[in-house]
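Worksheet: one structure, shown below.
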Amino acid sequence: MAVLDNKLQEKIDDLINIGNEFWDQDKSQYYKNLFEAWELYPEPKKNWNEAYSLAKEIYQAYLLDEKYDEAKEWLNRMIENNNNLHLEDEDVWFETAKYQFEVGDYNESFDKFKLVVEDAGFRYFEGEDPKYLDFYKNPEKYIKS
């Protein structure tokens with residue numbers, strides 16, 4: 001795994017931190033700063049652990065904003081990065097399951113959550129919206145036969 005130059009990483013971190021300050025007041029500025037940070041990663045971006053983390057942050061923001069097409073794009077970037085660096089499959093499965101839940105693909109979502117629980121227990125549900133754990137424990141409320 002390659003390590004980013006410290007000055008470049010600082011610049012990326014600064015853009016992310018500035019962007020995060022805009023989360024509550026100006027989403028367009030939030031995304032602008034994070035996109036600028038993304039562009040600073042050298043190509044191919046899938047070679048950088050830090051790029052995975054930023055793609056995940058952007059994905060999660062779009063998911064919260066219910067912008068599912070954009071969320072899917074950044075989820076795919078996470079998956080590409082994970083596939084290249086062999087990071088944590090459970091994390092990708094969990095985020096994919098959340099996306100599938102939000103777009104109403106409950107059968108696929110349940111299957112992914114089940115993989116996560118089988119491999120990592122319930123720790124991925126900690127700090128998440130309780131609806132995901134409720135869904136996993138009570139899929140019959142969502143999945144109609």
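Ordering of the structure tokens sets the chain letters (A, B, ...); residue numbers start at 1 within each chain; ligands are numbered from 1 in the order shown.
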Name all residues at most 12 Å from Tyr41 (chain A) (count only C-alpha atoms; drop same-chain ones fewer than 2 positions away) and give them as a PyMOL selection string. chain A and resi 2-5+8-13+34-39+43-55
Quick one: write out the picked residues with N, CA and C atoms as a compact mmCIF listing (two decimals), in the first residue's frame?
```txt
# COMPACT_ATOMS: atom_id res chain seq x y z
N ALA A 2 0.59 2.14 -0.88
CA ALA A 2 1.33 3.39 -0.96
C ALA A 2 0.82 4.37 0.09
N VAL A 3 1.71 5.24 0.54
CA VAL A 3 1.35 6.25 1.52
C VAL A 3 1.42 7.62 0.86
N LEU A 4 0.40 8.41 1.07
CA LEU A 4 0.37 9.76 0.50
C LEU A 4 1.41 10.65 1.15
N ASP A 5 1.93 11.57 0.38
CA ASP A 5 2.82 12.59 0.89
C ASP A 5 2.08 13.36 1.99
N LEU A 8 0.28 16.59 0.96
CA LEU A 8 -0.92 16.33 0.17
C LEU A 8 -2.05 15.85 1.09
N GLN A 9 -1.73 14.96 2.01
CA GLN A 9 -2.75 14.47 2.93
C GLN A 9 -3.30 15.60 3.79
N GLU A 10 -2.45 16.50 4.22
CA GLU A 10 -2.91 17.65 5.00
C GLU A 10 -3.87 18.53 4.19
N LYS A 11 -3.54 18.74 2.93
CA LYS A 11 -4.40 19.55 2.07
C LYS A 11 -5.76 18.89 1.89
N ILE A 12 -5.74 17.58 1.67
CA ILE A 12 -6.99 16.82 1.54
C ILE A 12 -7.80 16.91 2.83
N ASP A 13 -7.14 16.69 3.96
CA ASP A 13 -7.82 16.75 5.26
C ASP A 13 -8.41 18.13 5.52
N LEU A 34 -15.55 18.47 -0.63
CA LEU A 34 -15.20 17.05 -0.63
C LEU A 34 -14.81 16.58 -2.03
N PHE A 35 -15.47 17.09 -3.05
CA PHE A 35 -15.08 16.73 -4.42
C PHE A 35 -13.68 17.25 -4.74
N GLU A 36 -13.36 18.46 -4.27
CA GLU A 36 -12.01 18.99 -4.47
C GLU A 36 -10.98 18.10 -3.79
N ALA A 37 -11.29 17.65 -2.60
CA ALA A 37 -10.39 16.75 -1.88
C ALA A 37 -10.22 15.45 -2.67
N TRP A 38 -11.31 14.92 -3.18
CA TRP A 38 -11.27 13.68 -3.97
C TRP A 38 -10.33 13.83 -5.16
N GLU A 39 -10.42 14.94 -5.83
CA GLU A 39 -9.62 15.16 -7.04
C GLU A 39 -8.12 15.23 -6.73
N GLU A 43 -4.05 9.38 -9.36
CA GLU A 43 -4.65 8.26 -10.09
C GLU A 43 -3.70 7.06 -10.02
N PRO A 44 -4.22 5.88 -10.01
CA PRO A 44 -5.64 5.56 -9.86
C PRO A 44 -6.08 5.71 -8.41
N LYS A 45 -7.19 6.34 -8.22
CA LYS A 45 -7.69 6.63 -6.87
C LYS A 45 -8.00 5.35 -6.09
N LYS A 46 -8.27 4.29 -6.80
CA LYS A 46 -8.58 3.03 -6.11
C LYS A 46 -7.38 2.45 -5.37
N ASN A 47 -6.23 3.08 -5.51
CA ASN A 47 -5.01 2.60 -4.82
C ASN A 47 -4.83 3.19 -3.43
N TRP A 48 -5.72 4.04 -2.99
CA TRP A 48 -5.51 4.76 -1.74
C TRP A 48 -6.58 4.42 -0.71
N ASN A 49 -6.13 3.94 0.46
CA ASN A 49 -7.07 3.68 1.56
C ASN A 49 -7.87 4.92 1.90
N GLU A 50 -7.18 6.06 1.93
CA GLU A 50 -7.83 7.31 2.30
C GLU A 50 -8.95 7.66 1.32
N ALA A 51 -8.77 7.31 0.06
CA ALA A 51 -9.80 7.58 -0.94
C ALA A 51 -11.05 6.75 -0.63
N TYR A 52 -10.87 5.55 -0.13
CA TYR A 52 -12.01 4.74 0.28
C TYR A 52 -12.81 5.47 1.36
N SER A 53 -12.10 6.00 2.34
CA SER A 53 -12.77 6.69 3.44
C SER A 53 -13.53 7.92 2.95
N LEU A 54 -12.95 8.66 2.03
CA LEU A 54 -13.62 9.85 1.50
C LEU A 54 -14.82 9.45 0.65
N ALA A 55 -14.66 8.44 -0.18
CA ALA A 55 -15.79 7.97 -0.99
C ALA A 55 -16.93 7.52 -0.08
```
How close does region 44-112 of chain A get to region 136-144 of chain A? List, as CSV, each residue of region 44-112 of chain A within 8 Å, its nearest atom pair and the distance in Å to one decimal, counting only C-alpha atoms.
```
residue,atom,partner,partner_atom,distance
A:Tyr106,CA,A:Ile143,CA,6.2
A:Asn107,CA,A:Ile143,CA,6.8
A:Phe110,CA,A:Tyr136,CA,6.2
```
If you run DSSP over the backbone, which residues in region 1-102 of chain A end up helix (DSSP H, G or I)? Put them as a ChimeraX atom specification. /A:6-21,27-40,45-47,49-64,68-85,89-102
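When the distance limit is 9 Å and only C-alpha atoms are what count, the residues near Glu95 (chain A), minus those fewer than 4 positions from it on the same chain, are A:Lys56, A:Tyr59, A:Gln60, A:Leu75, A:Glu90, A:Asp91, A:Tyr99, A:Gln100.
Between CA of Asn84 (chain A) and CA of Gly127 (chain A) the interatomic distance comes to 27.5 Å.
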Would you list the contacts of Val117 (chain A) as a PyMOL selection string, taking every protein, DNA or RNA residue within 12 Å and counting only C-alpha atoms, but skipping same-chain residues closer than 4 positions in sequence? chain A and resi 90-91+93-94+97+110-113+121-125+133+136-137
